[in-house]
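Student: Here you go, entry_27.csv (CSV, N, CA and C atoms):
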```
chain,number,residue,atom,x,y,z
A,391,MET,N,88.6,117.3,93.5
A,391,MET,CA,89.3,116.3,94.4
A,391,MET,C,89.1,114.9,93.8
A,392,THR,N,90.2,114.2,93.9
A,392,THR,CA,90.2,112.8,93.4
A,392,THR,C,89.7,111.9,94.5
A,393,LEU,N,89.2,110.8,94.0
A,393,LEU,CA,88.7,109.7,94.9
A,393,LEU,C,89.8,109.0,95.5
A,394,ALA,N,90.9,108.8,94.8
A,394,ALA,CA,92.0,107.9,95.3
A,394,ALA,C,93.4,108.6,95.2
A,395,LEU,N,94.2,108.2,96.1
A,395,LEU,CA,95.7,108.5,96.0
A,395,LEU,C,96.2,107.2,95.4
A,396,SER,N,97.0,107.2,94.3
A,396,SER,CA,97.3,105.9,93.7
A,396,SER,C,98.7,105.9,93.1
A,397,THR,N,99.2,104.7,92.8
A,397,THR,CA,100.4,104.5,92.1
A,397,THR,C,100.3,103.1,91.4
A,398,THR,N,101.1,102.9,90.5
A,398,THR,CA,101.2,101.6,89.7
A,398,THR,C,102.6,101.0,89.9
A,399,LEU,N,102.6,99.8,90.2
A,399,LEU,CA,103.9,99.1,90.4
A,399,LEU,C,104.1,98.0,89.3
A,400,ASN,N,105.3,97.8,88.9
A,400,ASN,CA,105.7,96.7,88.0
A,400,ASN,C,106.3,95.6,88.9
A,401,THR,N,105.5,94.9,89.6
A,401,THR,CA,105.9,93.8,90.5
A,401,THR,C,104.9,92.8,90.6
A,402,THR,N,105.1,91.8,91.4
A,402,THR,CA,104.1,90.7,91.6
A,402,THR,C,103.0,91.3,92.6
A,403,PHE,N,101.9,90.7,92.6
A,403,PHE,CA,100.8,91.0,93.5
A,403,PHE,C,101.3,90.9,94.9
A,404,ASP,N,101.8,89.7,95.3
A,404,ASP,CA,102.3,89.5,96.7
A,404,ASP,C,103.3,90.5,97.1
A,405,ASP,N,104.2,90.8,96.3
A,405,ASP,CA,105.2,91.8,96.6
A,405,ASP,C,104.6,93.2,96.9
A,406,ALA,N,103.6,93.5,96.0
A,406,ALA,CA,102.9,94.8,96.2
A,406,ALA,C,102.1,94.9,97.5
A,407,VAL,N,101.5,93.8,97.8
A,407,VAL,CA,100.8,93.7,99.1
A,407,VAL,C,101.8,93.9,100.3
A,408,GLU,N,102.9,93.2,100.3
A,408,GLU,CA,103.8,93.3,101.3
A,408,GLU,C,104.4,94.7,101.4
A,409,ARG,N,104.8,95.3,100.3
A,409,ARG,CA,105.3,96.6,100.3
A,409,ARG,C,104.3,97.7,100.7
A,410,THR,N,103.0,97.5,100.4
A,410,THR,CA,101.9,98.4,100.8
A,410,THR,C,101.8,98.3,102.3
A,411,ARG,N,101.7,97.1,102.9
A,411,ARG,CA,101.6,97.0,104.3
A,411,ARG,C,102.8,97.7,105.0
A,412,ASN,N,104.0,97.5,104.5
A,412,ASN,CA,105.2,98.2,105.1
A,412,ASN,C,105.1,99.7,105.0
A,413,ALA,N,104.7,100.2,103.8
A,413,ALA,CA,104.6,101.6,103.6
A,413,ALA,C,103.5,102.2,104.6
A,414,LEU,N,102.4,101.5,104.7
A,414,LEU,CA,101.4,102.0,105.6
A,414,LEU,C,101.9,102.0,107.1
A,415,GLN,N,102.6,101.0,107.4
A,415,GLN,CA,103.1,100.9,108.8
A,415,GLN,C,104.1,102.0,109.1
A,416,GLN,N,104.9,102.4,108.1
A,416,GLN,CA,105.9,103.5,108.3
A,416,GLN,C,105.1,104.8,108.6
A,417,GLN,N,103.9,104.9,108.1
A,417,GLN,CA,103.1,106.1,108.3
A,417,GLN,C,102.1,106.0,109.5
A,418,GLY,N,102.3,105.0,110.3
A,418,GLY,CA,101.5,104.8,111.5
A,418,GLY,C,100.1,104.1,111.3
A,419,PHE,N,100.0,103.5,110.2
A,419,PHE,CA,98.7,102.8,109.9
A,419,PHE,C,98.9,101.3,110.1
A,420,GLY,N,97.9,100.7,110.8
A,420,GLY,CA,97.8,99.3,110.9
A,420,GLY,C,96.7,98.8,110.0
A,421,VAL,N,96.7,97.5,109.6
A,421,VAL,CA,95.7,97.0,108.8
A,421,VAL,C,94.7,96.2,109.7
A,422,LEU,N,93.5,96.7,109.9
A,422,LEU,CA,92.5,96.2,110.7
A,422,LEU,C,91.7,95.1,110.1
A,423,THR,N,91.5,95.3,108.8
A,423,THR,CA,90.7,94.3,108.0
A,423,THR,C,91.4,94.0,106.7
A,424,GLU,N,91.0,92.8,106.2
A,424,GLU,CA,91.6,92.4,104.9
A,424,GLU,C,90.4,91.7,104.2
A,425,ILE,N,90.1,92.1,103.0
A,425,ILE,CA,89.0,91.5,102.2
A,425,ILE,C,89.6,91.0,100.9
A,426,ASP,N,89.7,89.7,100.7
A,426,ASP,CA,90.2,89.1,99.5
A,426,ASP,C,88.9,89.1,98.5
A,427,VAL,N,88.8,90.1,97.7
A,427,VAL,CA,87.6,90.2,96.9
A,427,VAL,C,87.6,89.0,95.9
A,428,ARG,N,88.7,88.7,95.3
A,428,ARG,CA,88.8,87.6,94.3
A,428,ARG,C,88.3,86.3,94.9
A,429,ALA,N,88.8,85.9,96.1
A,429,ALA,CA,88.4,84.7,96.8
A,429,ALA,C,86.9,84.7,97.1
A,430,THR,N,86.4,85.9,97.6
A,430,THR,CA,85.0,86.0,98.0
A,430,THR,C,84.1,85.8,96.8
A,431,LEU,N,84.4,86.5,95.7
A,431,LEU,CA,83.5,86.3,94.5
A,431,LEU,C,83.6,84.9,94.0
A,432,LYS,N,84.7,84.3,94.0
A,432,LYS,CA,84.8,82.9,93.6
A,432,LYS,C,84.0,82.0,94.4
A,433,ALA,N,84.1,82.1,95.8
A,433,ALA,CA,83.4,81.3,96.7
A,433,ALA,C,81.9,81.5,96.7
A,434,LYS,N,81.5,82.7,96.6
A,434,LYS,CA,80.1,83.0,96.7
A,434,LYS,C,79.3,83.0,95.4
A,435,LEU,N,80.0,83.4,94.3
A,435,LEU,CA,79.3,83.5,93.0
A,435,LEU,C,79.9,82.7,91.9
A,436,ASP,N,81.0,82.0,92.2
A,436,ASP,CA,81.8,81.3,91.2
A,436,ASP,C,82.2,82.2,90.0
A,437,GLU,N,82.5,83.4,90.4
A,437,GLU,CA,83.0,84.4,89.4
A,437,GLU,C,84.5,84.6,89.5
A,438,ASP,N,85.2,84.7,88.4
A,438,ASP,CA,86.6,84.9,88.4
A,438,ASP,C,86.9,86.4,88.3
A,439,LEU,N,87.9,86.9,89.1
A,439,LEU,CA,88.3,88.2,89.1
A,439,LEU,C,89.9,88.2,89.3
A,440,GLU,N,90.5,89.2,88.8
A,440,GLU,CA,92.0,89.4,89.0
A,440,GLU,C,92.2,89.5,90.5
A,441,ASP,N,93.5,89.4,90.9
A,441,ASP,CA,93.8,89.6,92.4
A,441,ASP,C,93.3,91.0,92.8
A,442,TYR,N,92.6,91.0,93.9
A,442,TYR,CA,92.0,92.3,94.3
A,442,TYR,C,91.8,92.2,95.9
A,443,LEU,N,92.6,93.0,96.6
A,443,LEU,CA,92.6,92.9,98.0
A,443,LEU,C,92.2,94.3,98.6
A,444,ILE,N,91.3,94.4,99.5
A,444,ILE,CA,91.0,95.6,100.2
A,444,ILE,C,91.6,95.6,101.6
A,445,LEU,N,92.5,96.5,101.9
A,445,LEU,CA,93.0,96.6,103.3
A,445,LEU,C,92.4,97.8,104.0
A,446,GLY,N,91.8,97.5,105.2
A,446,GLY,CA,91.2,98.5,106.0
A,446,GLY,C,92.3,99.1,106.9
A,447,ALA,N,92.9,100.2,106.5
A,447,ALA,CA,94.0,100.8,107.2
A,447,ALA,C,93.5,101.8,108.3
A,448,CYS,N,94.2,101.8,109.4
A,448,CYS,CA,93.8,102.7,110.5
A,448,CYS,C,95.0,103.3,111.2
A,449,ASN,N,95.0,104.6,111.4
A,449,ASN,CA,96.0,105.3,112.2
A,449,ASN,C,95.3,105.6,113.5
A,450,PRO,N,95.5,104.9,114.6
A,450,PRO,CA,94.7,105.2,115.8
A,450,PRO,C,94.6,106.6,116.3
A,451,PRO,N,95.7,107.4,116.3
A,451,PRO,CA,95.6,108.8,116.8
A,451,PRO,C,94.7,109.6,115.8
A,452,LEU,N,94.8,109.3,114.5
A,452,LEU,CA,93.9,110.1,113.6
A,452,LEU,C,92.4,109.6,113.8
A,453,ALA,N,92.2,108.3,113.9
A,453,ALA,CA,90.9,107.8,114.1
A,453,ALA,C,90.3,108.4,115.4
A,454,HIS,N,91.0,108.5,116.4
A,454,HIS,CA,90.6,109.1,117.7
A,454,HIS,C,90.2,110.6,117.5
A,455,ARG,N,91.0,111.3,116.8
A,455,ARG,CA,90.7,112.7,116.6
A,455,ARG,C,89.4,112.9,115.8
A,456,ALA,N,89.2,112.0,114.8
A,456,ALA,CA,88.0,112.1,114.0
A,456,ALA,C,86.8,111.7,114.8
A,457,LEU,N,86.9,110.7,115.6
A,457,LEU,CA,85.8,110.2,116.4
A,457,LEU,C,85.4,111.2,117.5
A,458,SER,N,86.4,111.9,117.9
A,458,SER,CA,86.2,113.0,119.0
A,458,SER,C,85.4,114.1,118.4
A,459,ILE,N,85.5,114.3,117.1
A,459,ILE,CA,84.7,115.4,116.5
A,459,ILE,C,83.2,114.9,116.3
A,460,ASP,N,83.1,113.7,115.8
A,460,ASP,CA,81.7,113.2,115.5
A,460,ASP,C,81.8,111.7,115.5
A,461,ARG,N,81.1,111.0,116.4
A,461,ARG,CA,81.2,109.5,116.4
A,461,ARG,C,80.7,108.9,115.1
A,462,GLN,N,79.8,109.6,114.4
A,462,GLN,CA,79.3,109.0,113.2
A,462,GLN,C,80.3,108.9,112.1
A,463,ILE,N,81.5,109.5,112.2
A,463,ILE,CA,82.5,109.4,111.2
A,463,ILE,C,83.0,108.0,111.1
A,464,GLY,N,82.7,107.1,112.1
A,464,GLY,CA,83.1,105.7,112.0
A,464,GLY,C,82.5,105.0,110.8
A,465,LEU,N,81.5,105.6,110.2
A,465,LEU,CA,80.9,105.1,109.0
A,465,LEU,C,81.9,105.2,107.8
A,466,LEU,N,82.9,106.1,107.9
A,466,LEU,CA,83.9,106.3,106.9
A,466,LEU,C,85.2,105.7,107.2
A,467,LEU,N,85.3,105.0,108.4
A,467,LEU,CA,86.6,104.4,108.8
A,467,LEU,C,86.5,102.9,108.6
A,468,PRO,N,87.6,102.2,108.5
A,468,PRO,CA,89.0,102.7,108.3
A,468,PRO,C,89.2,103.2,106.9
A,469,CYS,N,90.3,103.7,106.6
A,469,CYS,CA,90.7,104.1,105.2
A,469,CYS,C,90.9,102.9,104.4
A,470,ASN,N,90.2,102.7,103.3
A,470,ASN,CA,90.4,101.6,102.4
A,470,ASN,C,91.6,101.8,101.5
A,471,VAL,N,92.4,100.8,101.4
A,471,VAL,CA,93.5,100.8,100.5
A,471,VAL,C,93.3,99.5,99.6
A,472,VAL,N,93.3,99.7,98.3
A,472,VAL,CA,93.0,98.6,97.4
A,472,VAL,C,94.3,98.2,96.7
A,473,VAL,N,94.7,97.0,96.7
A,473,VAL,CA,95.8,96.4,95.9
A,473,VAL,C,95.2,95.5,94.9
A,474,ARG,N,95.4,95.8,93.6
A,474,ARG,CA,94.7,95.0,92.6
A,474,ARG,C,95.6,94.9,91.3
A,475,THR,N,95.5,93.8,90.7
A,475,THR,CA,96.3,93.6,89.4
A,475,THR,C,95.5,94.3,88.3
A,476,ASP,N,96.2,94.8,87.3
A,476,ASP,CA,95.6,95.3,86.1
A,476,ASP,C,96.0,94.2,85.0
A,477,PRO,N,95.1,93.3,84.7
A,477,PRO,CA,95.5,92.2,83.8
A,477,PRO,C,95.8,92.7,82.4
A,478,ASP,N,95.3,93.8,82.0
A,478,ASP,CA,95.6,94.3,80.7
A,478,ASP,C,97.0,94.8,80.6
A,479,ALA,N,97.5,95.5,81.7
A,479,ALA,CA,98.8,96.1,81.7
A,479,ALA,C,99.9,95.3,82.3
A,480,GLY,N,99.5,94.2,83.1
A,480,GLY,CA,100.4,93.4,83.7
A,480,GLY,C,101.1,94.1,84.9
A,481,THR,N,100.4,95.0,85.5
A,481,THR,CA,100.9,95.8,86.6
A,481,THR,C,100.0,95.6,87.8
A,482,VAL,N,100.4,96.2,89.0
A,482,VAL,CA,99.6,96.2,90.2
A,482,VAL,C,99.3,97.6,90.6
A,483,LEU,N,98.1,97.9,90.8
A,483,LEU,CA,97.6,99.2,91.2
A,483,LEU,C,97.4,99.3,92.7
A,484,ILE,N,97.9,100.3,93.3
A,484,ILE,CA,97.6,100.6,94.8
A,484,ILE,C,96.8,101.9,94.8
A,485,GLU,N,95.7,101.8,95.4
A,485,GLU,CA,94.8,103.0,95.5
A,485,GLU,C,94.3,103.1,97.0
A,486,ALA,N,94.5,104.3,97.5
A,486,ALA,CA,94.1,104.6,98.9
A,486,ALA,C,92.9,105.6,98.8
A,487,MET,N,91.9,105.4,99.6
A,487,MET,CA,90.8,106.4,99.6
A,487,MET,C,91.4,107.7,100.0
A,488,ASN,N,91.0,108.8,99.3
A,488,ASN,CA,91.5,110.1,99.7
A,488,ASN,C,90.7,110.6,100.9
A,489,PRO,N,91.4,110.7,102.1
A,489,PRO,CA,90.7,111.1,103.3
A,489,PRO,C,90.1,112.5,103.3
A,490,GLN,N,90.5,113.3,102.4
A,490,GLN,CA,89.9,114.6,102.3
A,490,GLN,C,88.4,114.6,101.9
A,491,LEU,N,88.0,113.4,101.3
A,491,LEU,CA,86.6,113.2,101.0
A,491,LEU,C,85.8,113.2,102.3
A,492,MET,N,86.4,112.8,103.4
A,492,MET,CA,85.8,112.7,104.7
A,492,MET,C,85.3,114.1,105.1
A,493,ALA,N,86.1,115.1,105.0
A,493,ALA,CA,85.7,116.5,105.3
A,493,ALA,C,84.7,117.0,104.3
A,494,GLN,N,84.8,116.6,103.1
A,494,GLN,CA,83.9,117.1,102.1
A,494,GLN,C,82.5,116.5,102.3
A,495,VAL,N,82.5,115.2,102.6
A,495,VAL,CA,81.2,114.5,102.7
A,495,VAL,C,80.5,115.0,104.0
A,496,THR,N,81.2,115.2,105.0
A,496,THR,CA,80.5,115.6,106.3
A,496,THR,C,80.2,117.1,106.3
A,497,ASP,N,80.8,117.9,105.4
A,497,ASP,CA,80.6,119.3,105.4
A,497,ASP,C,80.9,120.0,106.7
A,498,ASN,N,81.8,119.4,107.5
A,498,ASN,CA,82.1,119.9,108.8
A,498,ASN,C,83.6,120.3,108.8
A,499,PRO,N,83.9,121.6,108.9
A,499,PRO,CA,85.3,122.1,108.7
A,499,PRO,C,86.2,121.5,109.8
A,500,ALA,N,85.7,121.0,110.9
A,500,ALA,CA,86.5,120.5,112.0
A,500,ALA,C,87.2,119.3,111.5
A,501,PHE,N,86.7,118.6,110.5
A,501,PHE,CA,87.4,117.4,110.0
A,501,PHE,C,88.6,117.7,109.1
A,502,GLU,N,88.6,118.9,108.6
A,502,GLU,CA,89.7,119.3,107.6
A,502,GLU,C,91.1,119.0,108.0
A,503,PRO,N,91.5,119.4,109.3
A,503,PRO,CA,92.9,119.1,109.7
A,503,PRO,C,93.2,117.7,109.8
A,504,VAL,N,92.2,116.9,110.3
A,504,VAL,CA,92.4,115.5,110.5
A,504,VAL,C,92.5,114.8,109.1
A,505,ALA,N,91.6,115.2,108.2
A,505,ALA,CA,91.6,114.6,106.9
A,505,ALA,C,92.9,115.0,106.2
A,506,GLN,N,93.4,116.2,106.3
A,506,GLN,CA,94.7,116.6,105.7
A,506,GLN,C,95.8,115.8,106.2
A,507,ASP,N,95.9,115.6,107.5
A,507,ASP,CA,96.9,114.8,108.2
A,507,ASP,C,96.9,113.4,107.6
A,508,ALA,N,95.7,112.8,107.6
A,508,ALA,CA,95.6,111.4,107.0
A,508,ALA,C,96.0,111.4,105.6
A,509,ALA,N,95.6,112.4,104.8
A,509,ALA,CA,95.9,112.4,103.4
A,509,ALA,C,97.4,112.5,103.2
A,510,THR,N,98.1,113.4,104.0
A,510,THR,CA,99.5,113.5,103.9
A,510,THR,C,100.2,112.2,104.2
A,511,ARG,N,99.8,111.5,105.2
A,511,ARG,CA,100.4,110.2,105.6
A,511,ARG,C,100.2,109.2,104.5
A,512,LEU,N,98.9,109.1,104.0
A,512,LEU,CA,98.7,108.1,103.0
A,512,LEU,C,99.4,108.4,101.7
A,513,GLN,N,99.5,109.7,101.3
A,513,GLN,CA,100.3,110.1,100.1
A,513,GLN,C,101.8,109.7,100.3
A,514,ALA,N,102.3,109.9,101.5
A,514,ALA,CA,103.7,109.5,101.8
A,514,ALA,C,103.9,108.0,101.6
A,515,ALA,N,102.9,107.2,102.0
A,515,ALA,CA,103.0,105.8,101.8
A,515,ALA,C,103.0,105.5,100.4
A,516,ILE,N,102.1,106.1,99.6
A,516,ILE,CA,102.0,105.9,98.2
A,516,ILE,C,103.3,106.3,97.5
A,517,ASP,N,103.8,107.5,97.9
A,517,ASP,CA,105.1,108.0,97.4
A,517,ASP,C,106.2,107.0,97.6
A,518,THR,N,106.2,106.4,98.8
A,518,THR,CA,107.3,105.4,99.1
A,518,THR,C,107.2,104.2,98.1
A,519,LEU,N,106.0,103.8,97.8
A,519,LEU,CA,105.8,102.7,96.9
A,519,LEU,C,106.2,103.1,95.5
A,520,ALA,N,106.0,104.3,95.1
A,520,ALA,CA,106.3,104.7,93.8
A,520,ALA,C,107.8,105.0,93.6
A,521,ALA,N,108.5,105.2,94.7
A,521,ALA,CA,109.9,105.5,94.6
A,521,ALA,C,110.7,104.3,94.1
A,522,PRO,N,111.8,104.6,93.3
A,522,PRO,CA,112.6,103.5,92.8
A,522,PRO,C,113.3,102.8,93.9
A,523,ALA,N,113.4,101.5,93.8
A,523,ALA,CA,114.1,100.7,94.8
A,523,ALA,C,115.6,101.1,94.9
A,524,ARG,N,116.1,101.1,96.1
A,524,ARG,CA,117.5,101.4,96.3
A,524,ARG,C,118.3,100.2,96.7
```
Can you dump the structure from the file as structure tokens?

Tutor:
Amino acid sequence: MTLALSTTLNTTFDDAVERTRNALQQQGFGVLTEIDVRATLKAKLDEDLEDYLILGACNPPLAHRALSIDRQIGLLLPCNVVVRTDPDAGTVLIEAMNPQLMAQVTDNPAFEPVAQDAATRLQAAIDTLAAPAR
């Protein structure tokens, strides 16, 4: 099992962020949190990093289903989606945490259908980003 569902885009960072937000929204995910890792590391450590944004994506019905199984699953929520530039390749990477890890980490088979549904939706969002523009 892979850690991430991912794609690479040949676009600007800002465009990739906007497209990622739209693709997530089309699959029922909202962005609850946003961490600008680049700005944080610069402000706190005076370290430079390429554009790197962590979006905390949540699909409320899926989150409710998971929390109904075990409240402790909140430790693994929301689903993190990373948008980051690859300075060597001049591309932008979009990586979503593979929700199937949730079922694997908990070793609770009740999470499997929820994780599969979330993975299907996140993969659809990634596929939308990877599709050629029309």

Student: Place a sphere of radius 7 Å on (92.3, 96.1, 103.7) in the file coordinates and name every protein, DNA or RNA residue with an atom inside or on its surface, counting only N, CA and C atoms; give the answer as a list in words.

Tutor: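 All residues meeting the 7 Å criterion around (92.3, 96.1, 103.7) are Val421, Leu422, Thr423, Glu424, Ile425, Leu443, Ile444, Leu445, Gly446, Ala447, Cys469, Asn470, Val471 and Val472 of chain A.
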
Student: Considering all atoms listed in the file, can you say which of A:Leu452, A:Val482, A:Leu431, A:Ala514 comes closest to A:Thr402?

Tutor: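 For A:Thr402, the nearest of the given residues is A:Val482.
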
Student: Between atom C of A:Thr496 and atom CA of A:Gly464, what is the distance, to one decimal in Å?

Tutor: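 Atom-to-atom, atom C of A:Thr496 to atom CA of A:Gly464, that is 13.1 Å.
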
Student: As a ChimeraX atom specification, please: all residues of chain A that backbone DSSP puts in alpha helix (DSSP H).

Tutor: /A:403-416,427-435,450-459,490-496,502-520

Student: Which polymer residues, protein or nucleic acid, are no farther than 6.5 Å from (96.8, 109.7, 96.5), counting all atoms listed in the file, as a list in words?

Tutor: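 Within 6.5 Å of (96.8, 109.7, 96.5), the protein and nucleic acid residues are Ala394, Leu395, Ser396, Ala486, Asn488, Leu512 and Gln513 of chain A.
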
Student: Just want the 12 Å neighbourhood of A:Asp460, counted on only C-alpha atoms, with same-chain residues fewer than 6 positions away dropped. Output as an NGL selection string.

Tutor: :A and (453-454 or 466 or 492-493 or 496-501)

Student: Fix up stretch 488-498 of chain A with all heavy atoms, then write it as a PDB file, keeping the file's coordinate frame.

Tutor:
```pdb
ATOM      1  N   ASN A 488      91.000 108.800  99.300  1.00  0.00           N
ATOM      2  CA  ASN A 488      91.500 110.100  99.700  1.00  0.00           C
ATOM      3  C   ASN A 488      90.700 110.600 100.900  1.00  0.00           C
ATOM      4  O   ASN A 488      89.518 110.839 100.874  1.00  0.00           O
ATOM      5  CB  ASN A 488      91.205 111.072  98.515  1.00  0.00           C
ATOM      6  CG  ASN A 488      91.775 112.447  98.746  1.00  0.00           C
ATOM      7  OD1 ASN A 488      92.089 112.827  99.861  1.00  0.00           O
ATOM      8  ND2 ASN A 488      91.924 113.204  97.676  1.00  0.00           N
ATOM      9  N   PRO A 489      91.400 110.700 102.100  1.00  0.00           N
ATOM     10  CA  PRO A 489      90.700 111.100 103.300  1.00  0.00           C
ATOM     11  C   PRO A 489      90.100 112.500 103.300  1.00  0.00           C
ATOM     12  O   PRO A 489      89.205 112.761 104.076  1.00  0.00           O
ATOM     13  CB  PRO A 489      91.836 111.044 104.370  1.00  0.00           C
ATOM     14  CG  PRO A 489      92.901 110.219 103.781  1.00  0.00           C
ATOM     15  CD  PRO A 489      92.811 110.406 102.303  1.00  0.00           C
ATOM     16  N   GLN A 490      90.500 113.300 102.400  1.00  0.00           N
ATOM     17  CA  GLN A 490      89.900 114.600 102.300  1.00  0.00           C
ATOM     18  C   GLN A 490      88.400 114.600 101.900  1.00  0.00           C
ATOM     19  O   GLN A 490      87.673 115.489 102.109  1.00  0.00           O
ATOM     20  CB  GLN A 490      90.713 115.526 101.349  1.00  0.00           C
ATOM     21  CG  GLN A 490      92.074 115.843 101.960  1.00  0.00           C
ATOM     22  CD  GLN A 490      92.944 116.687 101.061  1.00  0.00           C
ATOM     23  OE1 GLN A 490      92.862 116.596  99.848  1.00  0.00           O
ATOM     24  NE2 GLN A 490      93.768 117.497 101.669  1.00  0.00           N
ATOM     25  N   LEU A 491      88.000 113.400 101.300  1.00  0.00           N
ATOM     26  CA  LEU A 491      86.600 113.200 101.000  1.00  0.00           C
ATOM     27  C   LEU A 491      85.800 113.200 102.300  1.00  0.00           C
ATOM     28  O   LEU A 491      84.624 113.585 102.313  1.00  0.00           O
ATOM     29  CB  LEU A 491      86.411 111.900 100.275  1.00  0.00           C
ATOM     30  CG  LEU A 491      86.962 111.851  98.857  1.00  0.00           C
ATOM     31  CD1 LEU A 491      86.873 110.435  98.309  1.00  0.00           C
ATOM     32  CD2 LEU A 491      86.240 112.826  97.961  1.00  0.00           C
ATOM     33  N   MET A 492      86.400 112.800 103.400  1.00  0.00           N
ATOM     34  CA  MET A 492      85.800 112.700 104.700  1.00  0.00           C
ATOM     35  C   MET A 492      85.300 114.100 105.100  1.00  0.00           C
ATOM     36  O   MET A 492      84.107 114.297 105.493  1.00  0.00           O
ATOM     37  CB  MET A 492      86.712 112.193 105.799  1.00  0.00           C
ATOM     38  CG  MET A 492      86.156 112.190 107.200  1.00  0.00           C
ATOM     39  SD  MET A 492      87.278 111.426 108.401  1.00  0.00           S
ATOM     40  CE  MET A 492      88.709 112.491 108.322  1.00  0.00           C
ATOM     41  N   ALA A 493      86.100 115.100 105.000  1.00  0.00           N
ATOM     42  CA  ALA A 493      85.700 116.500 105.300  1.00  0.00           C
ATOM     43  C   ALA A 493      84.700 117.000 104.300  1.00  0.00           C
ATOM     44  O   ALA A 493      83.733 117.694 104.729  1.00  0.00           O
ATOM     45  CB  ALA A 493      86.954 117.396 105.303  1.00  0.00           C
ATOM     46  N   GLN A 494      84.800 116.600 103.100  1.00  0.00           N
ATOM     47  CA  GLN A 494      83.900 117.100 102.100  1.00  0.00           C
ATOM     48  C   GLN A 494      82.500 116.500 102.300  1.00  0.00           C
ATOM     49  O   GLN A 494      81.486 117.146 102.207  1.00  0.00           O
ATOM     50  CB  GLN A 494      84.410 116.734 100.674  1.00  0.00           C
ATOM     51  CG  GLN A 494      83.596 117.325  99.543  1.00  0.00           C
ATOM     52  CD  GLN A 494      84.224 117.045  98.195  1.00  0.00           C
ATOM     53  OE1 GLN A 494      85.089 116.189  98.057  1.00  0.00           O
ATOM     54  NE2 GLN A 494      83.778 117.753  97.186  1.00  0.00           N
ATOM     55  N   VAL A 495      82.500 115.200 102.600  1.00  0.00           N
ATOM     56  CA  VAL A 495      81.200 114.500 102.700  1.00  0.00           C
ATOM     57  C   VAL A 495      80.500 115.000 104.000  1.00  0.00           C
ATOM     58  O   VAL A 495      79.237 115.142 103.947  1.00  0.00           O
ATOM     59  CB  VAL A 495      81.426 112.925 102.843  1.00  0.00           C
ATOM     60  CG1 VAL A 495      80.205 112.194 103.350  1.00  0.00           C
ATOM     61  CG2 VAL A 495      81.854 112.379 101.500  1.00  0.00           C
ATOM     62  N   THR A 496      81.200 115.200 105.000  1.00  0.00           N
ATOM     63  CA  THR A 496      80.500 115.600 106.300  1.00  0.00           C
ATOM     64  C   THR A 496      80.200 117.100 106.300  1.00  0.00           C
ATOM     65  O   THR A 496      79.310 117.535 107.033  1.00  0.00           O
ATOM     66  CB  THR A 496      81.462 115.410 107.494  1.00  0.00           C
ATOM     67  OG1 THR A 496      82.616 116.234 107.361  1.00  0.00           O
ATOM     68  CG2 THR A 496      81.825 113.944 107.637  1.00  0.00           C
ATOM     69  N   ASP A 497      80.800 117.900 105.400  1.00  0.00           N
ATOM     70  CA  ASP A 497      80.600 119.300 105.400  1.00  0.00           C
ATOM     71  C   ASP A 497      80.900 120.000 106.700  1.00  0.00           C
ATOM     72  O   ASP A 497      80.221 120.939 107.124  1.00  0.00           O
ATOM     73  CB  ASP A 497      79.219 119.667 104.843  1.00  0.00           C
ATOM     74  CG  ASP A 497      79.117 121.103 104.364  1.00  0.00           C
ATOM     75  OD1 ASP A 497      80.147 121.671 103.926  1.00  0.00           O
ATOM     76  OD2 ASP A 497      78.006 121.682 104.444  1.00  0.00           O
ATOM     77  N   ASN A 498      81.800 119.400 107.500  1.00  0.00           N
ATOM     78  CA  ASN A 498      82.100 119.900 108.800  1.00  0.00           C
ATOM     79  C   ASN A 498      83.600 120.300 108.800  1.00  0.00           C
ATOM     80  O   ASN A 498      84.497 119.446 108.681  1.00  0.00           O
ATOM     81  CB  ASN A 498      81.931 118.778 109.877  1.00  0.00           C
ATOM     82  CG  ASN A 498      82.243 119.240 111.275  1.00  0.00           C
ATOM     83  OD1 ASN A 498      82.928 120.231 111.491  1.00  0.00           O
ATOM     84  ND2 ASN A 498      81.744 118.503 112.255  1.00  0.00           N
TER      85      ASN A 498
END
```
